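Novice: Sharing a structure below in structure tokens format, with a few things to ask.
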Amino acid sequence: MSDAPRFASMFKPAGGVDQTILSEQAHLVASINRRGLLRGAVSLGALTMLTGCDVSNDEQVRGVLKRVSAWNDRVQTTLFDPNKLAPTYSEAEVLKPPRYNAYYPIDKVKPVDRTVWRLELTGLVSDKRPWNVSQFAAMPQEEWIIRHVCVEGWDYVGQWSGVNLRVFLEKIGADTTAAYVNFRCADGYTSSIDMPTALHPQTILATKYARETLADPFGAPLRLRTATKLGFKNPKWITGLEVSNTRGGGYWEDRGYNWFSGL
Amino acid sequence: MHWTNAVAVLMMIASGWRIWNNDPIFPAIEFPVTWTLGGEPALTYRLHGDAGFGNALLWHFAFMWLLVLNGLAYLAYGVVTGRFRRMLWPIRPADLVATIKDALRFKLGHDDVTMYNAVQKVLYVGVMAALVVIVAAGLAIWKPVQLHWLTALFGGFQGARLVHFLAMSAIVAFLVVHVALALLVPRTLLAMVTGGPSVPARRLPASLHTVPGE
């Protein structure tokens, strides 16, 4: 590094680069020897080409890939336009019934008893009293006919109605400046979304599909439907909602799927 | 830039095949797992609770950056330095016919590996176009809401997936021919690794002779 004056770059943080990380990792940097690095790189390449297997489960490799995935979260946060609406479709295009998907087959679905079901509210919410089915039915309802896109590659047009999530969050006195809305479900599934997506006009807590009360396999009595996320970011059979500045993770997210997964 | 691209393309193909296997457009086509990137299914499931699809997604969405950034740098370099115009242009139908005739009579010249014949020009331009298309279709699949105009351009989400697959097929077909022919003329590989060919008598076009009096 030279001491020559440098031109200010728009890519450089204004206060200079934080040196603490470098000094903390100095011993690590010092321990890197060039020959070892080269040998590692070559064997990594060889492994990739020869087996294509073990390298995916090498914890160091996976750590780097997950860091890139975290970077992709940031890129997608920037790309996300909170005012842009997803395309909507006509009722004639709606798939009935919707396509079932969960981390277990449809015959393993455990129906939730809607008479005793409650939505627990936690975190940065002023009114934490749990909600029941009739309270959701008493709220203003809205409907969206939107495309469901699965991370696997399939898709279908669905007709969902229920309570707008922004309206609900305002009703329970949620801190909408918080960063995340975390969900947990009756089947142990979890997921979490960023607040801008939670406040998007096409994000609802759905109770109906094609104007009929939601059926058990599709998340009854309450599930999330957002037009701007992949399918797995739409938890079903929701039993708990938390508003937080701590990201709650998620079932597939913890298994390596990209967290933001915005469409 | 060529070798960076080679690594990026191979990694994208290997991880993409694993992603394809999870929900193939044509169920008859399934790629052997050992040729894919994502991990041995049983081991990966034991370690991460997912049989390798998640790993394949991690690879695919990491190496896309290498592919795109290296590709943009390559295209900019090719245009700015005039390399594309010099090496790949013009492509005349008559030259194409002549090259094919030469090839069929085993009379293709390889004296100067810095000169491309007409078939090479068509294939190189073609594979670059396929790479541009595959990236555009990939963006349409990744962002069908934020870039819904682009997705619509491909005839919707499934249309974009189909184009993404067909472009991959074209790139793989090119790779098979490209690698086989490069191995037949090993001198090209030497030039690619060392960074410059040894050409006995440079036959420069007259316009490039800049030394006065020559």
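Letters A, B, ... go to the chains of the structure tokens in the order shown; residues in each chain start at 1; ligands are counted from 1 in the same order.
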Using only C-alpha atoms, I'd like every residue of chain B that has an atom within 9 Å of chain A; please write them out as a ChimeraX atom specification.
Specialist: /B:11,14,19-20,22-25,33-41,43-44,47-50,52-59,61-62,141-148,157-158,161
Novice: Given the selection you just returned, output its residues as a file containing C-alpha atoms, formatted as a compact mmCIF listing (two decimals), in the first residue's frame.
Specialist:
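File written: out-v3.txt
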# COMPACT_ATOMS: atom_id res chain seq x y z
CA MET B 11 -20.13 -24.70 -12.78
CA ALA B 14 -23.33 -28.69 -13.42
CA ILE B 19 -31.75 -27.85 -10.31
CA TRP B 20 -33.35 -29.19 -13.51
CA ASN B 22 -35.78 -31.41 -9.22
CA ASP B 23 -38.59 -30.36 -11.56
CA PRO B 24 -37.70 -31.14 -15.20
CA ILE B 25 -39.69 -29.52 -18.01
CA VAL B 33 -26.26 -36.94 -10.40
CA THR B 34 -22.50 -37.59 -10.58
CA TRP B 35 -22.27 -35.04 -13.40
CA THR B 36 -24.04 -32.42 -11.32
CA LEU B 37 -23.00 -30.08 -8.53
CA GLY B 38 -24.80 -30.19 -5.20
CA GLY B 39 -23.38 -33.12 -3.28
CA GLU B 40 -24.00 -36.84 -3.01
CA PRO B 41 -27.74 -36.96 -2.15
CA LEU B 43 -24.68 -37.61 2.46
CA THR B 44 -26.01 -34.13 1.78
CA LEU B 47 -25.62 -33.22 6.77
CA HIS B 48 -28.06 -30.49 5.79
CA GLY B 49 -31.56 -31.99 5.67
CA ASP B 50 -31.72 -31.42 1.93
CA GLY B 52 -28.44 -31.27 -2.64
CA PHE B 53 -30.96 -29.00 -4.35
CA GLY B 54 -30.13 -26.24 -1.86
CA ASN B 55 -26.40 -26.66 -2.52
CA ALA B 56 -27.01 -26.55 -6.28
CA LEU B 57 -28.89 -23.27 -5.85
CA LEU B 58 -26.00 -21.86 -3.79
CA TRP B 59 -23.51 -22.78 -6.55
CA PHE B 61 -26.43 -18.11 -7.70
CA ALA B 62 -22.75 -17.64 -6.80
CA ILE B 141 -36.65 -16.60 -14.13
CA TRP B 142 -34.97 -14.97 -11.11
CA LYS B 143 -37.05 -11.75 -11.15
CA PRO B 144 -40.43 -12.45 -12.83
CA VAL B 145 -42.03 -9.58 -10.85
CA GLN B 146 -39.35 -6.88 -10.78
CA LEU B 147 -38.47 -7.63 -14.45
CA HIS B 148 -41.89 -8.89 -15.56
CA PHE B 157 -42.15 -17.84 -16.59
CA GLN B 158 -42.26 -21.30 -18.19
CA ARG B 161 -37.32 -21.65 -18.30
Novice: DSSP on the backbone: which residues in region 33-259 of chain A end up as alpha helix (DSSP H)? Give the answer as a ChimeraX atom specification.
Specialist: /A:34-50,59-79,133-137,165-171,195-198
Novice: Could you jot down the CA of Met192 (chain B) to CA of His60 (chain B) separation for me, Å, one decimal place?
Specialist: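 So the two atoms, CA of Met192 (chain B) and CA of His60 (chain B), lie 26.7 Å apart.
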Novice: Near Val243 (chain A), counting only C-alpha atoms, which residues have an atom at most 9 Å away, once you skip same-chain residues fewer than 5 positions from it, shown as a PyMOL selection string?
Specialist: chain A and resi 121-125+169+174-176+178-182+195
Novice: When you count only C-alpha atoms, which of these residues is closest to Glu212 (chain A): A:Asn164, A:Lys96, A:Cys185, A:Glu170?
Specialist: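 Nearest to Glu212 (chain A): A:Lys96.
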Novice: May I ask for the distance between CA of Ile171 (chain B) and CA of Leu131 (chain B), given in Å to one decimal place?
Specialist: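 We find that CA of Ile171 (chain B) and CA of Leu131 (chain B) lie 7.5 Å from each other.
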Novice: Once DSSP has gone over the backbone, tell me which residues of region 6-240 of chain A are in strand (DSSP E), as number ranges by chain.
Specialist: A: 120-123, 142-149, 155-164, 180-185, 190-194, 203-209, 212-213, 223-226, 238-240
Novice: In Å, rounded to a single decimal, give me how far CA of Val68 (chain B) is from CA of Thr114 (chain B).
Specialist: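 Value for the CA of Thr114 (chain B)-CA of Val68 (chain B) distance: 25.8 Å.
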Novice: Have a look at B:Leu69, B:Val113, B:Ala42, B:Ala98 and name the one nearest to Pro186 (chain B); count only C-alpha atoms.
Specialist: B:Val113
Novice: Excluding Tyr89 (chain A) and any residue of its chain fewer than 6 positions from it, enumerate the residues within 10 Å of it, using only C-alpha atoms, and give them as a ChimeraX atom specification.
Specialist: /A:144-147,157-159
Novice: Dump N, CA and C atoms for the selected residues as a compact mmCIF listing (two decimals), in the first residue's frame?
Specialist:
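Just written: selection_9.txt:
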# COMPACT_ATOMS: atom_id res chain seq x y z
N TRP A 144 -56.43 -11.29 -4.33
CA TRP A 144 -55.43 -11.14 -5.38
C TRP A 144 -55.36 -12.43 -6.20
N ILE A 145 -55.37 -12.26 -7.52
CA ILE A 145 -55.15 -13.42 -8.41
C ILE A 145 -53.74 -13.27 -8.95
N ILE A 146 -52.85 -14.04 -8.38
CA ILE A 146 -51.41 -13.86 -8.63
C ILE A 146 -50.73 -15.20 -8.93
N ARG A 147 -49.52 -15.10 -9.49
CA ARG A 147 -48.77 -16.30 -9.84
C ARG A 147 -47.95 -16.78 -8.65
N VAL A 157 -51.42 -20.09 -11.30
CA VAL A 157 -52.14 -18.87 -10.93
C VAL A 157 -53.13 -19.22 -9.84
N GLY A 158 -53.09 -18.48 -8.73
CA GLY A 158 -53.98 -18.74 -7.60
C GLY A 158 -54.79 -17.51 -7.22
N GLN A 159 -55.96 -17.78 -6.66
CA GLN A 159 -56.88 -16.71 -6.27
C GLN A 159 -57.03 -16.71 -4.74
Novice: I'd like the neighbourhood of Ile91 (chain B) as JSON, numbers by chain, where a residue qualifies if any of its atoms comes within 9 Å (using only C-alpha atoms), though same-chain residues fewer than 4 positions away should be ignored.
Specialist: {"B": [95, 96, 118, 119, 121, 122]}
